[in-house]
file start39.pdb (PDB, C-alpha atoms, pLDDT in the B column)
ATOM      1  CA  ASP B   1     100.450 119.023 126.226  1.00 72.00           C
ATOM      2  CA  SER B   2      98.534 116.836 128.626  1.00 85.00           C
ATOM      3  CA  PRO B   3     100.253 113.802 130.171  1.00 90.00           C
ATOM      4  CA  GLY B   4      98.088 111.572 127.959  1.00 87.00           C
ATOM      5  CA  LEU B   5      99.206 113.325 124.775  1.00 87.00           C
ATOM      6  CA  THR B   6     102.819 113.220 125.908  1.00 91.00           C
ATOM      7  CA  PHE B   7     102.509 109.479 126.505  1.00 93.00           C
ATOM      8  CA  LEU B   8     100.869 108.843 123.123  1.00 91.00           C
ATOM      9  CA  GLY B   9     103.523 110.944 121.427  1.00 89.00           C
ATOM     10  CA  ALA B  10     106.213 108.804 123.055  1.00 92.00           C
ATOM     11  CA  LEU B  11     104.446 105.640 121.866  1.00 91.00           C
ATOM     12  CA  ARG B  12     104.305 107.010 118.326  1.00 90.00           C
ATOM     13  CA  ALA B  13     107.942 108.079 118.374  1.00 90.00           C
ATOM     14  CA  CYS B  14     109.323 104.853 119.804  1.00 93.00           C
ATOM     15  CA  PRO B  15     111.528 103.301 117.088  1.00 93.00           C
ATOM     16  CA  LYS B  16     111.248  99.854 118.662  1.00 95.00           C
ATOM     17  CA  PRO B  17     108.104  97.737 118.460  1.00 97.00           C
ATOM     18  CA  VAL B  18     105.574  98.395 121.216  1.00 98.00           C
ATOM     19  CA  VAL B  19     103.666  95.320 122.405  1.00 98.00           C
ATOM     20  CA  ALA B  20     100.615  95.634 124.673  1.00 98.00           C
ATOM     21  CA  ALA B  21      98.626  93.248 126.852  1.00 98.00           C
ATOM     22  CA  VAL B  22      95.063  93.909 128.034  1.00 98.00           C
ATOM     23  CA  GLU B  23      93.264  92.168 130.875  1.00 98.00           C
ATOM     24  CA  GLY B  24      90.165  93.595 132.532  1.00 98.00           C
ATOM     25  CA  HIS B  25      88.814  96.925 131.315  1.00 98.00           C
ATOM     26  CA  ALA B  26      90.312  99.290 128.735  1.00 98.00           C
ATOM     27  CA  VAL B  27      88.245 102.475 128.657  1.00 96.00           C
ATOM     28  CA  GLY B  28      88.901 105.686 126.734  1.00 95.00           C
ATOM     29  CA  ILE B  29      92.634 106.231 126.400  1.00 94.00           C
ATOM     30  CA  GLY B  30      93.118 102.654 127.620  1.00 96.00           C
ATOM     31  CA  THR B  31      91.613 101.608 124.298  1.00 98.00           C
ATOM     32  CA  THR B  32      92.872 104.397 122.047  1.00 97.00           C
ATOM     33  CA  LEU B  33      96.486 103.849 123.083  1.00 96.00           C
ATOM     34  CA  LEU B  34      96.265 100.401 121.449  1.00 98.00           C
ATOM     35  CA  LEU B  35      96.047 102.179 118.087  1.00 97.00           C
ATOM     36  CA  HIS B  36      99.618 103.360 118.669  1.00 96.00           C
ATOM     37  CA  CYS B  37     101.008  99.938 119.594  1.00 97.00           C
ATOM     38  CA  ASP B  38     102.507  97.595 117.035  1.00 97.00           C
ATOM     39  CA  LEU B  39     101.082  94.421 118.560  1.00 98.00           C
ATOM     40  CA  ALA B  40      98.405  93.923 121.223  1.00 98.00           C
ATOM     41  CA  TYR B  41      96.823  90.900 122.886  1.00 98.00           C
ATOM     42  CA  ALA B  42      93.752  90.798 125.109  1.00 98.00           C
ATOM     43  CA  GLY B  43      92.397  88.268 127.555  1.00 98.00           C
ATOM     44  CA  GLU B  44      89.123  86.816 126.306  1.00 98.00           C
ATOM     45  CA  SER B  45      87.126  88.511 129.061  1.00 98.00           C
ATOM     46  CA  ALA B  46      88.696  91.940 128.511  1.00 98.00           C
ATOM     47  CA  ARG B  47      86.158  94.686 127.912  1.00 98.00           C
ATOM     48  CA  PHE B  48      86.715  97.835 125.891  1.00 98.00           C
ATOM     49  CA  ARG B  49      84.830 101.102 125.635  1.00 97.00           C
ATOM     50  CA  LEU B  50      85.199 104.489 123.952  1.00 97.00           C
ATOM     51  CA  PRO B  51      82.595 106.442 125.993  1.00 95.00           C
ATOM     52  CA  PHE B  52      83.479 109.916 124.773  1.00 95.00           C
ATOM     53  CA  THR B  53      80.090 110.995 123.382  1.00 95.00           C
ATOM     54  CA  ALA B  54      78.186 109.675 126.421  1.00 92.00           C
ATOM     55  CA  LEU B  55      80.417 111.905 128.538  1.00 93.00           C
ATOM     56  CA  GLY B  56      79.790 114.947 126.339  1.00 94.00           C
ATOM     57  CA  LEU B  57      83.291 114.656 124.873  1.00 95.00           C
ATOM     58  CA  SER B  58      84.859 113.880 121.516  1.00 95.00           C
ATOM     59  CA  PRO B  59      87.379 111.222 120.437  1.00 96.00           C
ATOM     60  CA  GLU B  60      90.976 111.550 121.575  1.00 95.00           C
ATOM     61  CA  GLY B  61      94.301 109.855 121.088  1.00 94.00           C
ATOM     62  CA  GLY B  62      94.262 110.077 117.307  1.00 95.00           C
ATOM     63  CA  SER B  63      91.329 107.663 117.244  1.00 97.00           C
ATOM     64  CA  SER B  64      89.310 109.724 114.756  1.00 97.00           C
ATOM     65  CA  TYR B  65      92.101 109.131 112.230  1.00 97.00           C
ATOM     66  CA  LEU B  66      93.498 105.711 113.182  1.00 97.00           C
ATOM     67  CA  LEU B  67      90.335 103.783 114.085  1.00 98.00           C
ATOM     68  CA  PRO B  68      88.718 104.119 110.626  1.00 98.00           C
ATOM     69  CA  LEU B  69      91.999 102.840 109.142  1.00 96.00           C
ATOM     70  CA  THR B  70      91.968  99.725 111.321  1.00 96.00           C
ATOM     71  CA  ALA B  71      88.255  99.073 111.812  1.00 98.00           C
ATOM     72  CA  GLY B  72      86.679 100.649 108.735  1.00 97.00           C
ATOM     73  CA  SER B  73      84.603 103.813 108.799  1.00 98.00           C
ATOM     74  CA  LYS B  74      81.265 102.230 109.769  1.00 98.00           C
ATOM     75  CA  ARG B  75      82.677 100.212 112.668  1.00 98.00           C
ATOM     76  CA  ALA B  76      84.752 103.199 113.823  1.00 98.00           C
ATOM     77  CA  ALA B  77      81.635 105.394 113.787  1.00 98.00           C
ATOM     78  CA  GLU B  78      79.740 102.801 115.828  1.00 98.00           C
ATOM     79  CA  LEU B  79      82.518 102.451 118.404  1.00 98.00           C
ATOM     80  CA  LEU B  80      83.202 106.190 118.716  1.00 98.00           C
ATOM     81  CA  MET B  81      79.667 107.576 118.388  1.00 97.00           C
ATOM     82  CA  LEU B  82      77.673 105.028 120.389  1.00 97.00           C
ATOM     83  CA  GLY B  83      80.465 104.317 122.848  1.00 96.00           C
ATOM     84  CA  GLU B  84      79.046 100.945 123.831  1.00 97.00           C
ATOM     85  CA  PRO B  85      81.201  98.364 125.612  1.00 98.00           C
ATOM     86  CA  PHE B  86      82.703  95.661 123.384  1.00 98.00           C
ATOM     87  CA  THR B  87      84.495  92.373 123.840  1.00 98.00           C
ATOM     88  CA  ALA B  88      88.016  91.213 123.100  1.00 98.00           C
ATOM     89  CA  ALA B  89      86.689  89.295 120.085  1.00 98.00           C
ATOM     90  CA  GLU B  90      85.146  92.521 118.764  1.00 98.00           C
ATOM     91  CA  ALA B  91      88.434  94.344 119.457  1.00 98.00           C
ATOM     92  CA  VAL B  92      90.148  91.768 117.217  1.00 98.00           C
ATOM     93  CA  LEU B  93      87.621  92.409 114.445  1.00 97.00           C
ATOM     94  CA  ALA B  94      88.154  96.170 114.826  1.00 98.00           C
ATOM     95  CA  GLY B  95      91.922  95.743 114.533  1.00 97.00           C
ATOM     96  CA  LEU B  96      92.614  97.063 118.032  1.00 98.00           C
ATOM     97  CA  VAL B  97      94.255  93.821 119.156  1.00 98.00           C
ATOM     98  CA  ASN B  98      95.923  90.983 117.279  1.00 98.00           C
ATOM     99  CA  ALA B  99      94.244  88.203 119.222  1.00 98.00           C
ATOM    100  CA  ALA B 100      91.943  87.383 122.103  1.00 98.00           C
ATOM    101  CA  VAL B 101      93.835  84.877 124.240  1.00 98.00           C
ATOM    102  CA  PRO B 102      92.811  82.732 127.205  1.00 98.00           C
ATOM    103  CA  GLU B 103      91.955  84.709 130.321  1.00 97.00           C
ATOM    104  CA  GLY B 104      95.015  85.726 132.313  1.00 98.00           C
ATOM    105  CA  THR B 105      97.542  84.975 129.547  1.00 98.00           C
ATOM    106  CA  ALA B 106      97.642  88.278 127.638  1.00 98.00           C
ATOM    107  CA  LEU B 107     100.867  89.454 129.274  1.00 98.00           C
ATOM    108  CA  GLU B 108     102.512  86.070 128.782  1.00 98.00           C
ATOM    109  CA  VAL B 109     101.548  86.037 125.089  1.00 98.00           C
ATOM    110  CA  ALA B 110     102.695  89.639 124.641  1.00 98.00           C
ATOM    111  CA  LEU B 111     106.053  88.830 126.240  1.00 98.00           C
ATOM    112  CA  VAL B 112     106.535  85.813 123.963  1.00 98.00           C
ATOM    113  CA  LYS B 113     105.847  88.034 120.937  1.00 98.00           C
ATOM    114  CA  ALA B 114     108.175  90.731 122.291  1.00 98.00           C
ATOM    115  CA  ARG B 115     110.945  88.165 122.735  1.00 98.00           C
ATOM    116  CA  SER B 116     110.371  86.945 119.186  1.00 98.00           C
ATOM    117  CA  LEU B 117     110.706  90.507 117.907  1.00 98.00           C
ATOM    118  CA  ALA B 118     113.818  91.063 120.027  1.00 97.00           C
ATOM    119  CA  ALA B 119     115.443  87.995 118.454  1.00 98.00           C
ATOM    120  CA  LEU B 120     115.058  89.410 114.936  1.00 98.00           C
ATOM    121  CA  PRO B 121     117.570  91.734 113.264  1.00 98.00           C
ATOM    122  CA  ARG B 122     116.955  95.161 114.823  1.00 96.00           C
ATOM    123  CA  ALA B 123     117.527  97.153 111.652  1.00 97.00           C
ATOM    124  CA  SER B 124     115.004  95.021 109.745  1.00 97.00           C
ATOM    125  CA  VAL B 125     112.366  95.341 112.438  1.00 97.00           C
ATOM    126  CA  ALA B 126     112.893  99.113 112.685  1.00 96.00           C
ATOM    127  CA  ALA B 127     112.742  99.500 108.895  1.00 97.00           C
ATOM    128  CA  THR B 128     109.524  97.489 108.784  1.00 97.00           C
ATOM    129  CA  LYS B 129     107.966  99.595 111.539  1.00 96.00           C
ATOM    130  CA  ARG B 130     108.895 102.794 109.666  1.00 95.00           C
ATOM    131  CA  ALA B 131     107.453 101.393 106.426  1.00 96.00           C
ATOM    132  CA  LEU B 132     104.190 100.387 108.103  1.00 95.00           C
ATOM    133  CA  ARG B 133     103.759 103.900 109.492  1.00 93.00           C
ATOM    134  CA  ARG B 134     104.896 105.727 106.379  1.00 93.00           C
ATOM    135  CA  GLY B 135     102.708 108.730 105.745  1.00 92.00           C
ATOM    136  CA  GLN B 136     101.002 108.592 109.145  1.00 93.00           C
ATOM    137  CA  ASP B 137     103.149 110.955 111.210  1.00 90.00           C
ATOM    138  CA  GLU B 138     101.653 114.210 109.936  1.00 93.00           C
ATOM    139  CA  PRO B 139      97.980 113.110 109.883  1.00 95.00           C
ATOM    140  CA  VAL B 140      98.242 111.485 113.320  1.00 95.00           C
ATOM    141  CA  ALA B 141      99.959 114.542 114.807  1.00 92.00           C
ATOM    142  CA  ARG B 142      97.252 116.762 113.295  1.00 95.00           C
ATOM    143  CA  ALA B 143      94.476 114.480 114.603  1.00 95.00           C
ATOM    144  CA  LEU B 144      96.006 114.422 118.093  1.00 93.00           C
ATOM    145  CA  ALA B 145      96.215 118.213 118.205  1.00 92.00           C
ATOM    146  CA  GLU B 146      92.742 118.834 116.758  1.00 95.00           C
ATOM    147  CA  GLU B 147      91.130 116.197 118.956  1.00 95.00           C
ATOM    148  CA  ALA B 148      92.798 117.624 122.073  1.00 92.00           C
ATOM    149  CA  GLU B 149      91.537 121.116 121.292  1.00 93.00           C
ATOM    150  CA  VAL B 150      87.935 119.967 120.792  1.00 95.00           C
ATOM    151  CA  PHE B 151      88.078 117.488 123.701  1.00 93.00           C
ATOM    152  CA  HIS B 152      89.229 120.164 126.157  1.00 90.00           C
ATOM    153  CA  ALA B 153      86.646 122.679 124.915  1.00 92.00           C
ATOM    154  CA  LEU B 154      83.859 120.104 125.283  1.00 93.00           C
ATOM    155  CA  ARG B 155      85.182 118.973 128.675  1.00 90.00           C
ATOM    156  CA  ARG B 156      84.476 122.449 130.037  1.00 90.00           C
ATOM    157  CA  GLY B 157      81.004 122.584 128.442  1.00 90.00           C
ATOM    158  CA  PRO B 158      77.633 122.023 130.104  1.00 89.00           C
ATOM    159  CA  GLU B 159      76.938 118.592 128.564  1.00 89.00           C
ATOM    160  CA  ALA B 160      80.216 117.140 129.818  1.00 88.00           C
ATOM    161  CA  GLN B 161      79.759 118.725 133.243  1.00 88.00           C
ATOM    162  CA  THR B 162      76.277 117.193 133.503  1.00 88.00           C
ATOM    163  CA  ALA B 163      77.584 113.789 132.402  1.00 85.00           C
ATOM    164  CA  PHE B 164      80.448 113.941 134.914  1.00 83.00           C
ATOM    165  CA  ALA B 165      78.085 114.918 137.736  1.00 85.00           C
ATOM    166  CA  ALA B 166      75.753 112.020 136.852  1.00 81.00           C
ATOM    167  CA  PHE B 167      78.694 109.626 136.805  1.00 76.00           C
ATOM    168  CA  LEU B 168      79.882 110.791 140.218  1.00 79.00           C
ATOM    169  CA  ARG B 169      76.382 110.352 141.680  1.00 83.00           C
ATOM    170  CA  ARG B 170      76.433 106.610 140.876  1.00 78.00           C
TER     171      ARG B 170
END

call {"tool": "encode", "arguments": {"input": "start39.pdb", "output": "structure tokens"}}
result
Amino acid sequence: DSPGLTFLGALRACPKPVVAAVEGHAVGIGTTLLLHCDLAYAGESARFRLPFTALGLSPEGGSSYLLPLTAGSKRAAELLMLGEPFTAAEAVLAGLVNAAVPEGTALEVALVKARSLAALPRASVAATKRALRRGQDEPVARALAEEAEVFHALRRGPEAQTAFAAFLRR
């Protein structure tokens, strides 16, 4: 497994709630990893992008399975196929983050939420997390594996190599 897949697998397997904060840019896996977090908050000026197709690649991180569940199939197709940048407000609408918060406060908000979770009965929180993810383990694992196979095959292909070369020339 790649380091990215190992990391996402650890996020998925974590029995405790995972809370994320986003400031600045979240591109590619920086966005898809949010699909594996339980709560996420983004600064209002945060920018997101899933540029896989523009780079001659395919979705990764289980996004082909999880993003349609959170954003709906049409919005997921738009985000994954067109790969255009989007705002924190749009990330809220797509279900990638819980809220867009004032610039520079995402970590503070995430820590407040994490402390709130930590103050709750651990068994109840863990049971709720398991219930919310019921039935997802197998499809997400399958999506991660299938996406990785296609991603790595495309990464070695001529379209991706051309896209990478163009990017490096900028």

call {"tool": "atom_distance", "arguments": {"input": "start39.pdb", "atom1": "atom CA of Pro51 of chain B", "atom2": "atom CA of Leu80 of chain B"}}
result
7.3 Å

call {"tool": "resolve_selection", "arguments": {"input": "start39.pdb", "expression": "the PyMOL selection byres ((chain B and resi 104) around 7)", "output": "number ranges by chain"}}
result
B: 23, 43, 102-103, 105-106

call {"tool": "closest_atom_pairs", "arguments": {"input": "start39.pdb", "of": "segment 102-169 of chain B", "to": "segment 10-17 of chain B", "cutoff": "10 Å", "atoms": "all atoms listed in the file", "output": "tab-separated table"}}
result
residue	atom	partner	partner_atom	distance
B:Ala114	CA	B:Pro17	CA	8.0
B:Leu117	CA	B:Pro17	CA	7.7
B:Ala118	CA	B:Pro17	CA	8.9
B:Arg122	CA	B:Lys16	CA	8.3
B:Ala123	CA	B:Lys16	CA	9.8
B:Val125	CA	B:Pro17	CA	7.8
B:Ala126	CA	B:Pro15	CA	6.2
B:Ala127	CA	B:Pro15	CA	9.1
B:Thr128	CA	B:Pro17	CA	9.8
B:Lys129	CA	B:Pro17	CA	7.2
B:Arg130	CA	B:Pro15	CA	7.9
B:Arg133	CA	B:Arg12	CA	9.4
B:Gln136	CA	B:Arg12	CA	9.9
B:Asp137	CA	B:Arg12	CA	8.2
B:Val140	CA	B:Arg12	CA	9.0
B:Ala141	CA	B:Arg12	CA	9.4

call {"tool": "resolve_selection", "arguments": {"input": "start39.pdb", "expression": "the PyMOL selection byres ((chain B and resi 98) around 8)", "output": "ChimeraX atom specification"}}
result
/B:39-41,92,95-97,99-100

call {"tool": "residues_around", "arguments": {"input": "start39.pdb", "residues": "Ala94 of chain B", "least_positions_apart": "3", "cutoff": "12 Å", "atoms": "all atoms listed in the file", "output": "VMD selection string"}}
result
chain B and resid 31 to 32 34 to 35 48 66 to 80 86 to 91 97 to 99

call {"tool": "closest_residue", "arguments": {"input": "start39.pdb", "among": "B:Pro3, B:Gly24, B:Gly56, B:Gly61", "to": "Leu107 of chain B", "atoms": "only C-alpha atoms"}}
result
B:Gly24

call {"tool": "atom_distance", "arguments": {"input": "start39.pdb", "atom1": "atom CA of Glu84 of chain B", "atom2": "atom CA of Gly28 of chain B"}}
result
11.3 Å

call {"tool": "decode", "arguments": {"input": "start39.pdb", "residues": "segment 16-28 of chain B", "atoms": "N, CA, C and O atoms", "output": "PDB file, in the first residue's frame"}}
result
ATOM      1  N   LYS B  16     -12.060   6.081  17.635  1.00  0.00           N
ATOM      2  CA  LYS B  16     -12.426   7.369  18.236  1.00  0.00           C
ATOM      3  C   LYS B  16     -12.796   8.347  17.129  1.00  0.00           C
ATOM      4  O   LYS B  16     -12.345   8.221  15.991  1.00  0.00           O
ATOM      5  N   PRO B  17     -13.593   9.352  17.455  1.00  0.00           N
ATOM      6  CA  PRO B  17     -13.943  10.351  16.444  1.00  0.00           C
ATOM      7  C   PRO B  17     -12.699  11.078  15.933  1.00  0.00           C
ATOM      8  O   PRO B  17     -11.779  11.368  16.695  1.00  0.00           O
ATOM      9  N   VAL B  18     -12.688  11.339  14.637  1.00  0.00           N
ATOM     10  CA  VAL B  18     -11.608  12.086  14.003  1.00  0.00           C
ATOM     11  C   VAL B  18     -12.178  13.434  13.583  1.00  0.00           C
ATOM     12  O   VAL B  18     -13.175  13.493  12.849  1.00  0.00           O
ATOM     13  N   VAL B  19     -11.561  14.505  14.062  1.00  0.00           N
ATOM     14  CA  VAL B  19     -12.023  15.867  13.801  1.00  0.00           C
ATOM     15  C   VAL B  19     -10.933  16.590  13.022  1.00  0.00           C
ATOM     16  O   VAL B  19      -9.769  16.577  13.415  1.00  0.00           O
ATOM     17  N   ALA B  20     -11.312  17.223  11.910  1.00  0.00           N
ATOM     18  CA  ALA B  20     -10.348  17.901  11.042  1.00  0.00           C
ATOM     19  C   ALA B  20     -10.609  19.396  10.989  1.00  0.00           C
ATOM     20  O   ALA B  20     -11.747  19.851  11.160  1.00  0.00           O
ATOM     21  N   ALA B  21      -9.534  20.139  10.704  1.00  0.00           N
ATOM     22  CA  ALA B  21      -9.614  21.582  10.483  1.00  0.00           C
ATOM     23  C   ALA B  21      -8.881  21.891   9.179  1.00  0.00           C
ATOM     24  O   ALA B  21      -7.807  21.341   8.927  1.00  0.00           O
ATOM     25  N   VAL B  22      -9.474  22.752   8.350  1.00  0.00           N
ATOM     26  CA  VAL B  22      -8.878  23.113   7.070  1.00  0.00           C
ATOM     27  C   VAL B  22      -8.753  24.621   6.981  1.00  0.00           C
ATOM     28  O   VAL B  22      -9.734  25.351   7.140  1.00  0.00           O
ATOM     29  N   GLU B  23      -7.548  25.073   6.728  1.00  0.00           N
ATOM     30  CA  GLU B  23      -7.263  26.471   6.399  1.00  0.00           C
ATOM     31  C   GLU B  23      -6.390  26.431   5.153  1.00  0.00           C
ATOM     32  O   GLU B  23      -5.586  25.525   4.988  1.00  0.00           O
ATOM     33  N   GLY B  24      -6.549  27.374   4.261  1.00  0.00           N
ATOM     34  CA  GLY B  24      -5.725  27.386   3.056  1.00  0.00           C
ATOM     35  C   GLY B  24      -6.281  26.460   1.996  1.00  0.00           C
ATOM     36  O   GLY B  24      -7.485  26.431   1.746  1.00  0.00           O
ATOM     37  N   HIS B  25      -5.402  25.679   1.382  1.00  0.00           N
ATOM     38  CA  HIS B  25      -5.779  24.822   0.259  1.00  0.00           C
ATOM     39  C   HIS B  25      -5.812  23.350   0.659  1.00  0.00           C
ATOM     40  O   HIS B  25      -4.913  22.875   1.340  1.00  0.00           O
ATOM     41  N   ALA B  26      -6.848  22.655   0.223  1.00  0.00           N
ATOM     42  CA  ALA B  26      -6.967  21.207   0.381  1.00  0.00           C
ATOM     43  C   ALA B  26      -7.177  20.642  -1.020  1.00  0.00           C
ATOM     44  O   ALA B  26      -8.245  20.815  -1.606  1.00  0.00           O
ATOM     45  N   VAL B  27      -6.147  20.021  -1.554  1.00  0.00           N
ATOM     46  CA  VAL B  27      -6.161  19.548  -2.938  1.00  0.00           C
ATOM     47  C   VAL B  27      -5.945  18.040  -2.958  1.00  0.00           C
ATOM     48  O   VAL B  27      -5.096  17.521  -2.242  1.00  0.00           O
ATOM     49  N   GLY B  28      -6.722  17.347  -3.796  1.00  0.00           N
ATOM     50  CA  GLY B  28      -6.569  15.903  -3.932  1.00  0.00           C
ATOM     51  C   GLY B  28      -6.837  15.192  -2.631  1.00  0.00           C
ATOM     52  O   GLY B  28      -7.912  15.346  -2.034  1.00  0.00           O
TER      53      GLY B  28
END
